[in-house]
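Let me begin by presenting the structure, written as structure tokens, before commenting on it.
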2 protein chains.
Amino acid sequence: MNKQFNITIIGSGNVAFHLGNALYNAGVNIVEVYSKTYKNAYTLSKQLNAKTVRNLNELSNNTDLIIIAVKDDEIINVVKKIQQKNTFIAHTSGSIPISVFDNLGITAYGIFYPLQTFSKEKKININEIPFCLEANTTKNLKLLEQVAKTISNNVYIVDSNQRKILHLAAVFACNFSNHLYSIANSILTKNNLSFDLLKPLIKETANKIEHSLPHQAQTGPAIRKDKQTIDKHIAMLKEDEDYKKIYELITNQIIKQSNG
Amino acid sequence: MNKQFNITIIGSGNVAFHLGNALYNAGVNIVEVYSKTYKNAYTLSKQLNAKTVRNLNELSNNTDLIIIAVKDDEIINVVKKIQQKNTFIAHTSGSIPISVFDNLGITAYGIFYPLQTFSKEKKININEIPFCLEANTTKNLKLLEQVAKTISNNVYIVDSNQRKILHLAAVFACNFSNHLYSIANSILTKNNLSFDLLKPLIKETANKIEHSLPHQAQTGPAIRKDKQTIDKHIAMLKEDEDYKKIYELITNQIIKQSNG
């Protein structure tokens, strides 16, 4: 790092916690931490050797970047209350567009979005997390890039429209996959089998995307067009109308895709 | 290990390769390897310091267990050709029931099923793989257990009926999740975004099952009942009828589950 950045953190939740710690450990100077819950701001600021701020109108002017890491629907309120109109402000949300900063007299703004799911208890390798960046000018984008590169090797320029696409894709790959894990768990539990049996296979299935494209790695009765097994499975699901519908829909699409 | 086992391996594919190597490294004596492709049997037998067998009617009698690790639809043919009716024979398939050994005069038989997806190029931690065992007598089950425990800490007794359930659950959690990865990849590629962006999130989603039950770890617009985002996503999918159907079906089920 050529220049030492001075950064203000707003928020004390999972994202603020992991980002703050990663930046601090990378040698960034965390100037101060604000959170609507003072106690949480205090705890995090102590970890980061930073000041605790009690009110949003008491933020310092001596900072290069204010990072807003609060819940999606609170972002607009925080943005409106910040009086440092000439300080660079960025939020960390994947679903709030850059237009949230419009018409407020703010001169430098952007998005600093780490594409990962965080929980405080779980250590995370921040280095591997893709950071999706957007800013109102090329110069500002450059600064966000410099900050992101102090903590991650995966820095991407992603505009608000692309971020919407990304979010939709993540719903399929992550939220919906997790629902399929739920179904598997419920099928096993109902039959007195432990979900532990499936865990290594689930993890290996996810790890395979590192080495092959998912449609090339597809296995199972649908891609084999093993009608006998498919019919048996559908019969086994006769009392779970919802699961049966998912089974039939996805099976038919895998077969169709393999034909196409 | 108290006793050194003598084991014959039939097959030279992914399962035979990983099982053979794991057993050999655990100190098991691999007596011989047979494969319908002599060259493959030869290669594997050299790795395992074992004899190569050219024909199924030339198998040794001096073995404690014959492990059949061949394709599902070849198992019955192999079983029929083995002349060692008094040697313990087990196959490694998740979907062929134990009845495949019926009425052939075989006295000791069972299933030795590693619940994992294997590829030769990819190293696998065999120790974490669940082994699902079944045998025709309690004594024989005991022997399979002893063998499995030389290479894995996760040994389960699973009968043929439970194995069917397990397979159905695995189709949801693994085959179908992989199809959702495919959809995500296709949505991203169509919009000039790299699938790499999603990989860390996909892996973290799969890793989360280690610490929380999947329905408790559910995130995303459906579980938040975020109708605005859901409607936007459905609008974005208007040209992909198949993806839209999956989106609507799974979203509705997540909402329903959260209500129930």
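Labeling convention for the structure tokens: chains A, B, ... as they appear, residues from 1 per chain, ligands from 1 in order of appearance.
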
* To do: Identify all chain A residues at most 7 Å from chain B by counting only C-alpha atoms; ligands do not count. Present them as an NGL selection string.
  => :A and (115-117 or 129-130 or 165-166 or 168-182 or 184 or 187-188 or 197-198 or 200-203 or 205-207 or 214-215 or 218-220 or 233 or 250)

* Can you list every residue in region 95-192 of chain B that DSSP puts in strand (DSSP E), as a list in words? -> Tyr109, Gly110, Ile111, Phe112, Tyr113, Pro114, Pro130, Phe131, Cys132, Leu133, Glu134, Ala135, Asn154, Val155, Tyr156 and Ile157 of chain B

Residues from last step as file, N, CA, C and O atoms, as a PDB file, in the first residue's frame:
ATOM      1  N   TYR B 109     -22.452 -61.782   2.003  1.00  0.00           N
ATOM      2  CA  TYR B 109     -22.476 -60.665   1.055  1.00  0.00           C
ATOM      3  C   TYR B 109     -22.984 -59.386   1.713  1.00  0.00           C
ATOM      4  O   TYR B 109     -23.591 -59.432   2.798  1.00  0.00           O
ATOM      5  N   GLY B 110     -22.740 -58.285   1.044  1.00  0.00           N
ATOM      6  CA  GLY B 110     -23.149 -57.009   1.636  1.00  0.00           C
ATOM      7  C   GLY B 110     -22.869 -55.842   0.719  1.00  0.00           C
ATOM      8  O   GLY B 110     -22.538 -55.991  -0.460  1.00  0.00           O
ATOM      9  N   ILE B 111     -23.063 -54.652   1.300  1.00  0.00           N
ATOM     10  CA  ILE B 111     -22.863 -53.400   0.569  1.00  0.00           C
ATOM     11  C   ILE B 111     -21.812 -52.583   1.312  1.00  0.00           C
ATOM     12  O   ILE B 111     -21.863 -52.459   2.532  1.00  0.00           O
ATOM     13  N   PHE B 112     -20.913 -51.996   0.536  1.00  0.00           N
ATOM     14  CA  PHE B 112     -19.822 -51.194   1.071  1.00  0.00           C
ATOM     15  C   PHE B 112     -19.825 -49.901   0.250  1.00  0.00           C
ATOM     16  O   PHE B 112     -19.105 -49.748  -0.714  1.00  0.00           O
ATOM     17  N   TYR B 113     -20.734 -48.978   0.642  1.00  0.00           N
ATOM     18  CA  TYR B 113     -21.081 -47.848  -0.222  1.00  0.00           C
ATOM     19  C   TYR B 113     -20.512 -46.538   0.317  1.00  0.00           C
ATOM     20  O   TYR B 113     -20.986 -46.018   1.335  1.00  0.00           O
ATOM     21  N   PRO B 114     -19.497 -45.984  -0.349  1.00  0.00           N
ATOM     22  CA  PRO B 114     -18.970 -44.682   0.063  1.00  0.00           C
ATOM     23  C   PRO B 114     -19.829 -43.584  -0.555  1.00  0.00           C
ATOM     24  O   PRO B 114     -19.930 -43.475  -1.776  1.00  0.00           O
ATOM     25  N   PRO B 130     -18.770 -40.713   4.421  1.00  0.00           N
ATOM     26  CA  PRO B 130     -19.642 -41.661   5.111  1.00  0.00           C
ATOM     27  C   PRO B 130     -19.676 -42.985   4.343  1.00  0.00           C
ATOM     28  O   PRO B 130     -19.918 -42.993   3.131  1.00  0.00           O
ATOM     29  N   PHE B 131     -19.408 -44.069   5.031  1.00  0.00           N
ATOM     30  CA  PHE B 131     -19.542 -45.400   4.436  1.00  0.00           C
ATOM     31  C   PHE B 131     -20.842 -46.011   4.933  1.00  0.00           C
ATOM     32  O   PHE B 131     -21.068 -46.108   6.129  1.00  0.00           O
ATOM     33  N   CYS B 132     -21.695 -46.415   3.985  1.00  0.00           N
ATOM     34  CA  CYS B 132     -22.999 -46.981   4.327  1.00  0.00           C
ATOM     35  C   CYS B 132     -22.912 -48.488   4.111  1.00  0.00           C
ATOM     36  O   CYS B 132     -22.719 -48.945   2.991  1.00  0.00           O
ATOM     37  N   LEU B 133     -23.093 -49.226   5.181  1.00  0.00           N
ATOM     38  CA  LEU B 133     -22.859 -50.670   5.134  1.00  0.00           C
ATOM     39  C   LEU B 133     -24.134 -51.466   5.354  1.00  0.00           C
ATOM     40  O   LEU B 133     -25.025 -51.057   6.100  1.00  0.00           O
ATOM     41  N   GLU B 134     -24.179 -52.608   4.713  1.00  0.00           N
ATOM     42  CA  GLU B 134     -25.281 -53.549   4.912  1.00  0.00           C
ATOM     43  C   GLU B 134     -24.696 -54.934   4.661  1.00  0.00           C
ATOM     44  O   GLU B 134     -23.795 -55.092   3.828  1.00  0.00           O
ATOM     45  N   ALA B 135     -25.189 -55.964   5.368  1.00  0.00           N
ATOM     46  CA  ALA B 135     -24.686 -57.324   5.111  1.00  0.00           C
ATOM     47  C   ALA B 135     -25.775 -58.326   5.432  1.00  0.00           C
ATOM     48  O   ALA B 135     -26.763 -58.002   6.097  1.00  0.00           O
ATOM     49  N   ASN B 154     -16.517 -42.216   9.537  1.00  0.00           N
ATOM     50  CA  ASN B 154     -17.968 -42.078   9.416  1.00  0.00           C
ATOM     51  C   ASN B 154     -18.583 -43.338   8.842  1.00  0.00           C
ATOM     52  O   ASN B 154     -18.798 -43.442   7.644  1.00  0.00           O
ATOM     53  N   VAL B 155     -18.845 -44.283   9.705  1.00  0.00           N
ATOM     54  CA  VAL B 155     -19.364 -45.569   9.253  1.00  0.00           C
ATOM     55  C   VAL B 155     -20.808 -45.716   9.738  1.00  0.00           C
ATOM     56  O   VAL B 155     -21.084 -45.525  10.927  1.00  0.00           O
ATOM     57  N   TYR B 156     -21.715 -45.978   8.808  1.00  0.00           N
ATOM     58  CA  TYR B 156     -23.141 -46.071   9.131  1.00  0.00           C
ATOM     59  C   TYR B 156     -23.700 -47.407   8.668  1.00  0.00           C
ATOM     60  O   TYR B 156     -23.284 -47.937   7.638  1.00  0.00           O
ATOM     61  N   ILE B 157     -24.662 -47.922   9.427  1.00  0.00           N
ATOM     62  CA  ILE B 157     -25.400 -49.113   8.997  1.00  0.00           C
ATOM     63  C   ILE B 157     -26.666 -48.607   8.309  1.00  0.00           C
ATOM     64  O   ILE B 157     -27.482 -47.925   8.936  1.00  0.00           O
TER      65      ILE B 157
END

* **Distance in Å - CA of Lys39 (chain A) versus CA of Val78 (chain A)** =>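 Rounded to one decimal, the two atoms are 18.3 Å apart.
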
* Contacts of Gly27 (chain A) within 12 Å, only C-alpha atoms, excl. fewer than 4 positions in-chain, as an MDAnalysis selection string -> chainID A and resid 1:7 20:23 48:49 147 150:151

* **Nearest residue to Gly94 (chain A) from the set A:Val70, A:Leu59, A:Ala50, A:Ala41 (distances using only C-alpha atoms)** =>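 Using only C-alpha atoms, the shortest distance to Gly94 (chain A) belongs to A:Val70.
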
* To do: Just give me the gap between CA of Asp72 (chain B) and CA of Pro97 (chain B) in Å, one decimal is fine.
  =>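 Between CA of Asp72 (chain B) and CA of Pro97 (chain B) the gap is 10.4 Å.
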
* Asked: With only C-alpha atoms as the basis for distance, which of A:Val15, A:Leu104, A:Val31, A:Ile98 is at the shortest distance from Lys71 (chain A)?
  ->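 Closest to Lys71 (chain A) of all the choices is A:Val15.
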
* To do: To one decimal in Å, tell me the separation between CA of Gln84 (chain B) and CA of Thr43 (chain B).
  =>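 About the pair CA of Gln84 (chain B) and CA of Thr43 (chain B): they are 24.4 Å apart.
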